[in-house]
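Colleague: File name structure-v3.pdb; file contents PDB, C-alpha atoms, pLDDT in the B column; full text below.
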ATOM      1  CA  MET A   1      18.939  50.393  46.989  1.00 87.00           C
ATOM      2  CA  VAL A   2      18.879  47.943  49.865  1.00 91.00           C
ATOM      3  CA  LEU A   3      22.104  46.216  50.866  1.00 93.00           C
ATOM      4  CA  ALA A   4      22.802  43.231  53.094  1.00 94.00           C
ATOM      5  CA  VAL A   5      26.090  42.841  54.918  1.00 95.00           C
ATOM      6  CA  ASP A   6      27.316  39.976  57.047  1.00 94.00           C
ATOM      7  CA  GLU A   7      28.822  40.083  60.525  1.00 94.00           C
ATOM      8  CA  ARG A   8      32.186  41.075  58.988  1.00 95.00           C
ATOM      9  CA  ASN A   9      30.611  44.012  57.126  1.00 94.00           C
ATOM     10  CA  CYS A  10      31.060  42.233  53.780  1.00 95.00           C
ATOM     11  CA  LEU A  11      28.414  42.831  51.132  1.00 95.00           C
ATOM     12  CA  ILE A  12      26.354  39.665  50.656  1.00 95.00           C
ATOM     13  CA  GLY A  13      23.343  40.950  48.739  1.00 93.00           C
ATOM     14  CA  SER A  14      21.616  43.897  47.119  1.00 92.00           C
ATOM     15  CA  TYR A  15      18.262  44.807  45.649  1.00 89.00           C
ATOM     16  CA  MET A  16      17.474  47.954  43.725  1.00 89.00           C
ATOM     17  CA  VAL A  17      14.249  49.457  42.454  1.00 89.00           C
ATOM     18  CA  PHE A  18      13.565  52.688  40.606  1.00 93.00           C
ATOM     19  CA  PRO A  19      10.449  54.710  39.735  1.00 96.00           C
ATOM     20  CA  SER A  20       9.365  53.221  36.419  1.00 96.00           C
ATOM     21  CA  LEU A  21       8.754  56.611  34.813  1.00 97.00           C
ATOM     22  CA  ASN A  22      12.516  57.224  34.967  1.00 96.00           C
ATOM     23  CA  ASP A  23      12.713  54.929  31.938  1.00 95.00           C
ATOM     24  CA  PRO A  24      11.846  56.808  28.712  1.00 97.00           C
ATOM     25  CA  TRP A  25      10.203  53.662  27.284  1.00 97.00           C
ATOM     26  CA  VAL A  26       7.787  53.431  30.216  1.00 97.00           C
ATOM     27  CA  LYS A  27       7.057  57.146  29.985  1.00 98.00           C
ATOM     28  CA  GLU A  28       6.322  56.739  26.261  1.00 97.00           C
ATOM     29  CA  GLN A  29       3.974  53.791  26.928  1.00 97.00           C
ATOM     30  CA  ALA A  30       2.185  55.728  29.675  1.00 98.00           C
ATOM     31  CA  GLU A  31       1.721  58.766  27.436  1.00 98.00           C
ATOM     32  CA  ALA A  32       0.365  56.493  24.677  1.00 97.00           C
ATOM     33  CA  GLY A  33      -2.182  55.012  27.104  1.00 97.00           C
ATOM     34  CA  ASN A  34      -0.716  51.495  26.903  1.00 97.00           C
ATOM     35  CA  LEU A  35      -0.415  50.964  30.653  1.00 97.00           C
ATOM     36  CA  PRO A  36      -3.584  50.006  32.570  1.00 96.00           C
ATOM     37  CA  PHE A  37      -2.439  51.753  35.764  1.00 96.00           C
ATOM     38  CA  ASP A  38      -1.033  55.068  36.924  1.00 96.00           C
ATOM     39  CA  ALA A  39       2.611  54.809  35.851  1.00 97.00           C
ATOM     40  CA  ALA A  40       3.557  57.498  38.367  1.00 97.00           C
ATOM     41  CA  LYS A  41       2.930  54.879  41.052  1.00 96.00           C
ATOM     42  CA  ALA A  42       5.028  52.126  39.443  1.00 96.00           C
ATOM     43  CA  PHE A  43       8.446  50.844  40.428  1.00 94.00           C
ATOM     44  CA  THR A  44      10.736  48.406  38.661  1.00 90.00           C
ATOM     45  CA  PRO A  45      13.311  46.022  40.132  1.00 84.00           C
ATOM     46  CA  ILE A  46      16.581  46.223  38.236  1.00 78.00           C
ATOM     47  CA  MET A  47      19.056  44.285  40.286  1.00 76.00           C
ATOM     48  CA  VAL A  48      18.786  41.391  42.684  1.00 79.00           C
ATOM     49  CA  TRP A  49      22.001  39.847  43.876  1.00 88.00           C
ATOM     50  CA  VAL A  50      22.912  37.490  46.699  1.00 91.00           C
ATOM     51  CA  HIS A  51      26.442  36.163  47.055  1.00 94.00           C
ATOM     52  CA  LYS A  52      26.599  32.532  45.960  1.00 93.00           C
ATOM     53  CA  SER A  53      27.850  31.430  49.379  1.00 93.00           C
ATOM     54  CA  ARG A  54      24.688  32.823  51.023  1.00 93.00           C
ATOM     55  CA  ARG A  55      21.978  31.746  48.573  1.00 90.00           C
ATOM     56  CA  GLY A  56      19.085  29.750  49.964  1.00 91.00           C
ATOM     57  CA  GLU A  57      19.067  31.634  53.264  1.00 92.00           C
ATOM     58  CA  GLY A  58      16.139  33.925  52.453  1.00 89.00           C
ATOM     59  CA  ILE A  59      18.338  36.997  52.066  1.00 91.00           C
ATOM     60  CA  GLY A  60      16.928  37.864  48.634  1.00 85.00           C
ATOM     61  CA  ALA A  61      13.330  37.628  49.861  1.00 83.00           C
ATOM     62  CA  THR A  62      14.157  39.868  52.811  1.00 88.00           C
ATOM     63  CA  LEU A  63      15.817  42.412  50.549  1.00 89.00           C
ATOM     64  CA  SER A  64      12.855  42.421  48.149  1.00 84.00           C
ATOM     65  CA  ARG A  65      10.437  43.077  51.035  1.00 83.00           C
ATOM     66  CA  GLU A  66      12.616  45.918  52.293  1.00 88.00           C
ATOM     67  CA  ALA A  67      12.829  47.426  48.812  1.00 87.00           C
ATOM     68  CA  GLN A  68       9.044  47.147  48.476  1.00 84.00           C
ATOM     69  CA  GLU A  69       8.635  48.976  51.775  1.00 87.00           C
ATOM     70  CA  LEU A  70      10.945  51.750  50.567  1.00 89.00           C
ATOM     71  CA  ALA A  71       9.033  52.022  47.295  1.00 91.00           C
ATOM     72  CA  GLY A  72       5.705  52.065  49.168  1.00 90.00           C
ATOM     73  CA  ALA A  73       6.947  54.787  51.507  1.00 91.00           C
ATOM     74  CA  SER A  74       7.609  56.849  48.375  1.00 91.00           C
ATOM     75  CA  GLY A  75       4.065  56.269  47.092  1.00 93.00           C
ATOM     76  CA  LEU A  76       5.040  53.571  44.575  1.00 95.00           C
ATOM     77  CA  ASN A  77       2.666  50.593  44.764  1.00 91.00           C
ATOM     78  CA  ILE A  78       2.695  48.963  41.317  1.00 93.00           C
ATOM     79  CA  LEU A  79       5.438  46.437  40.614  1.00 89.00           C
ATOM     80  CA  LEU A  80       6.329  46.651  36.897  1.00 91.00           C
ATOM     81  CA  VAL A  81       8.678  44.157  35.223  1.00 86.00           C
ATOM     82  CA  TYR A  82       9.754  44.389  31.587  1.00 86.00           C
ATOM     83  CA  GLY A  83      12.707  43.583  29.381  1.00 76.00           C
ATOM     84  CA  GLN A  84      14.214  41.184  31.898  1.00 68.00           C
ATOM     85  CA  ALA A  85      14.113  37.445  32.384  1.00 63.00           C
ATOM     86  CA  THR A  86      10.601  37.952  33.663  1.00 55.00           C
ATOM     87  CA  ASP A  87       9.918  34.372  34.720  1.00 61.00           C
ATOM     88  CA  ALA A  88      12.977  34.377  36.958  1.00 61.00           C
ATOM     89  CA  ILE A  89      12.149  37.851  38.290  1.00 61.00           C
ATOM     90  CA  TRP A  90       8.509  36.924  38.985  1.00 59.00           C
ATOM     91  CA  ASP A  91       9.523  33.724  40.731  1.00 63.00           C
ATOM     92  CA  PHE A  92      11.390  35.985  43.106  1.00 58.00           C
ATOM     93  CA  THR A  93       9.652  39.364  43.263  1.00 57.00           C
ATOM     94  CA  GLY A  94       6.236  38.030  42.307  1.00 56.00           C
ATOM     95  CA  ARG A  95       5.907  36.466  45.731  1.00 58.00           C
ATOM     96  CA  MET A  96       5.532  39.910  47.238  1.00 54.00           C
ATOM     97  CA  SER A  97       2.354  40.677  45.313  1.00 61.00           C
ATOM     98  CA  ASP A  98      -0.888  39.156  44.178  1.00 65.00           C
ATOM     99  CA  LYS A  99      -1.103  37.456  40.812  1.00 73.00           C
ATOM    100  CA  PRO A 100       0.896  39.452  38.270  1.00 80.00           C
ATOM    101  CA  LYS A 101      -0.923  40.477  35.125  1.00 87.00           C
ATOM    102  CA  VAL A 102       0.499  40.458  31.609  1.00 87.00           C
ATOM    103  CA  ILE A 103      -0.257  43.540  29.529  1.00 92.00           C
ATOM    104  CA  LYS A 104      -1.479  41.837  26.374  1.00 92.00           C
ATOM    105  CA  GLY A 105       0.256  42.957  23.207  1.00 92.00           C
ATOM    106  CA  LEU A 106       2.968  44.908  25.022  1.00 93.00           C
ATOM    107  CA  VAL A 107       6.496  43.512  24.893  1.00 90.00           C
ATOM    108  CA  TYR A 108       9.936  44.891  25.652  1.00 90.00           C
ATOM    109  CA  ASN A 109      13.070  43.208  24.275  1.00 85.00           C
ATOM    110  CA  GLY A 110      10.802  40.385  23.118  1.00 84.00           C
ATOM    111  CA  LEU A 111       9.564  39.683  26.651  1.00 82.00           C
ATOM    112  CA  PRO A 112       6.108  40.240  28.145  1.00 83.00           C
ATOM    113  CA  VAL A 113       5.428  43.263  30.307  1.00 88.00           C
ATOM    114  CA  ARG A 114       3.908  42.340  33.679  1.00 87.00           C
ATOM    115  CA  TYR A 115       2.608  44.350  36.584  1.00 91.00           C
ATOM    116  CA  SER A 116       1.019  43.799  39.926  1.00 87.00           C
ATOM    117  CA  PRO A 117      -0.320  46.046  42.662  1.00 86.00           C
ATOM    118  CA  VAL A 118       1.542  45.489  45.914  1.00 83.00           C
ATOM    119  CA  GLY A 119       0.346  46.219  49.377  1.00 71.00           C
ATOM    120  CA  PRO A 120       2.239  46.879  52.546  1.00 59.00           C
ATOM    121  CA  ALA A 121       4.858  44.209  53.147  1.00 47.00           C
TER     122      ALA A 121
END
In structure tokens, what does this structure look like?
Modeller:
Amino acid sequence: MVLAVDERNCLIGSYMVFPSLNDPWVKEQAEAGNLPFDAAKAFTPIMVWVHKSRRGEGIGATLSREAQELAGASGLNILLVYGQATDAIWDFTGRMSDKPKVIKGLVYNGLPVRYSPVGPA
């Protein structure tokens, strides 16, 4: 988890990622051969938050880059998004990677599953 605090040490934003294989659904899809990448190298964003008074300042983008760097330092280099409001997430996190790819025929909570390799931030 990456946190942002202001000059008063008040929390103004956060961004969290986790290794995708921590989710039993992802593990099941990987074991079934439904993922076109090594799932052991995938990470998933699960929370992006910036306080409403600080939105539009680039804090979220900075936090996403820092989280990507942390994931990369752990050997995770595939951004995997599923079961979330993926368009909103990709508008935000998708900027840190090349064109995301939809895994055709694979959905989670009625939403498409997308992934993208990410390089060093």
Colleague: Give me the residues near Ser64 of chain A as a compact mmCIF listing (two decimals) with C-alpha atoms, in the coordinates of the input, where near means some atom within 9 Å (using all atoms listed in the file) and where sequence neighbours in that chain fewer than 3 positions away do not count.
Modeller:
# COMPACT_ATOMS: atom_id res chain seq x y z
CA VAL A 2 18.88 47.94 49.86
CA SER A 14 21.62 43.90 47.12
CA TYR A 15 18.26 44.81 45.65
CA MET A 16 17.47 47.95 43.72
CA PRO A 45 13.31 46.02 40.13
CA VAL A 48 18.79 41.39 42.68
CA ILE A 59 18.34 37.00 52.07
CA GLY A 60 16.93 37.86 48.63
CA ALA A 61 13.33 37.63 49.86
CA ALA A 67 12.83 47.43 48.81
CA GLN A 68 9.04 47.15 48.48
CA GLU A 69 8.64 48.98 51.78
CA PHE A 92 11.39 35.98 43.11
CA THR A 93 9.65 39.36 43.26
CA MET A 96 5.53 39.91 47.24
Colleague: Mind working out the centre and edge lengths of an axis-aligned box for segment 39-58 of chain A, all listed atoms inside, 5 Å added to each side, rounded to one decimal in Å and written as lines of an AutoDock Vina configuration file?
Modeller:
center_x = 15.2
center_y = 43.6
center_z = 44.6
size_x = 35.2
size_y = 37.7
size_z = 27.4
Colleague: Which distance in Å separates atom CA of Leu63 of chain A and atom CA of Glu28 of chain A, to one decimal?
Modeller: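 Here the two named atoms are 29.8 Å from each other.
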Colleague: What does the structure give for the distance between atom CA of Met47 of chain A and atom CA of Ala71 of chain A, in Å to one decimal?
Modeller: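 According to the coordinates, atom CA of Met47 of chain A and atom CA of Ala71 of chain A are separated by 14.5 Å.
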Colleague: So what does the PyMOL selection byres ((chain A and resi 114) around 7) actually pick up in this one, as an mmCIF file with C-alpha atoms, keeping the file's coordinate frame?
Modeller:
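To be explicit, this is the file written out as selection.cif:
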data_model
loop_
_atom_site.group_PDB
_atom_site.id
_atom_site.type_symbol
_atom_site.label_atom_id
_atom_site.label_comp_id
_atom_site.auth_asym_id
_atom_site.auth_seq_id
_atom_site.Cartn_x
_atom_site.Cartn_y
_atom_site.Cartn_z
ATOM 1 C CA LEU A 80 6.329 46.651 36.897
ATOM 2 C CA VAL A 81 8.678 44.157 35.223
ATOM 3 C CA TYR A 82 9.754 44.389 31.587
ATOM 4 C CA PRO A 100 0.896 39.452 38.270
ATOM 5 C CA LYS A 101 -0.923 40.477 35.125
ATOM 6 C CA VAL A 102 0.499 40.458 31.609
ATOM 7 C CA ILE A 103 -0.257 43.540 29.529
ATOM 8 C CA PRO A 112 6.108 40.240 28.145
ATOM 9 C CA VAL A 113 5.428 43.263 30.307
ATOM 10 C CA TYR A 115 2.608 44.350 36.584
#
Colleague: How far is it from atom CA of Tyr108 of chain A to atom CA of Glu66 of chain A, in Å with one decimal?
Modeller: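 Result for atom CA of Tyr108 of chain A versus atom CA of Glu66 of chain A: 26.8 Å, one decimal.
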Colleague: Kindly indicate which residue among A:Ala42, A:Leu79, A:Val5, A:Asn34 lies nearest to Asn22 of chain A, using only C-alpha atoms for the distances.
Modeller: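 Using only C-alpha atoms, the shortest distance to Asn22 of chain A belongs to A:Ala42.
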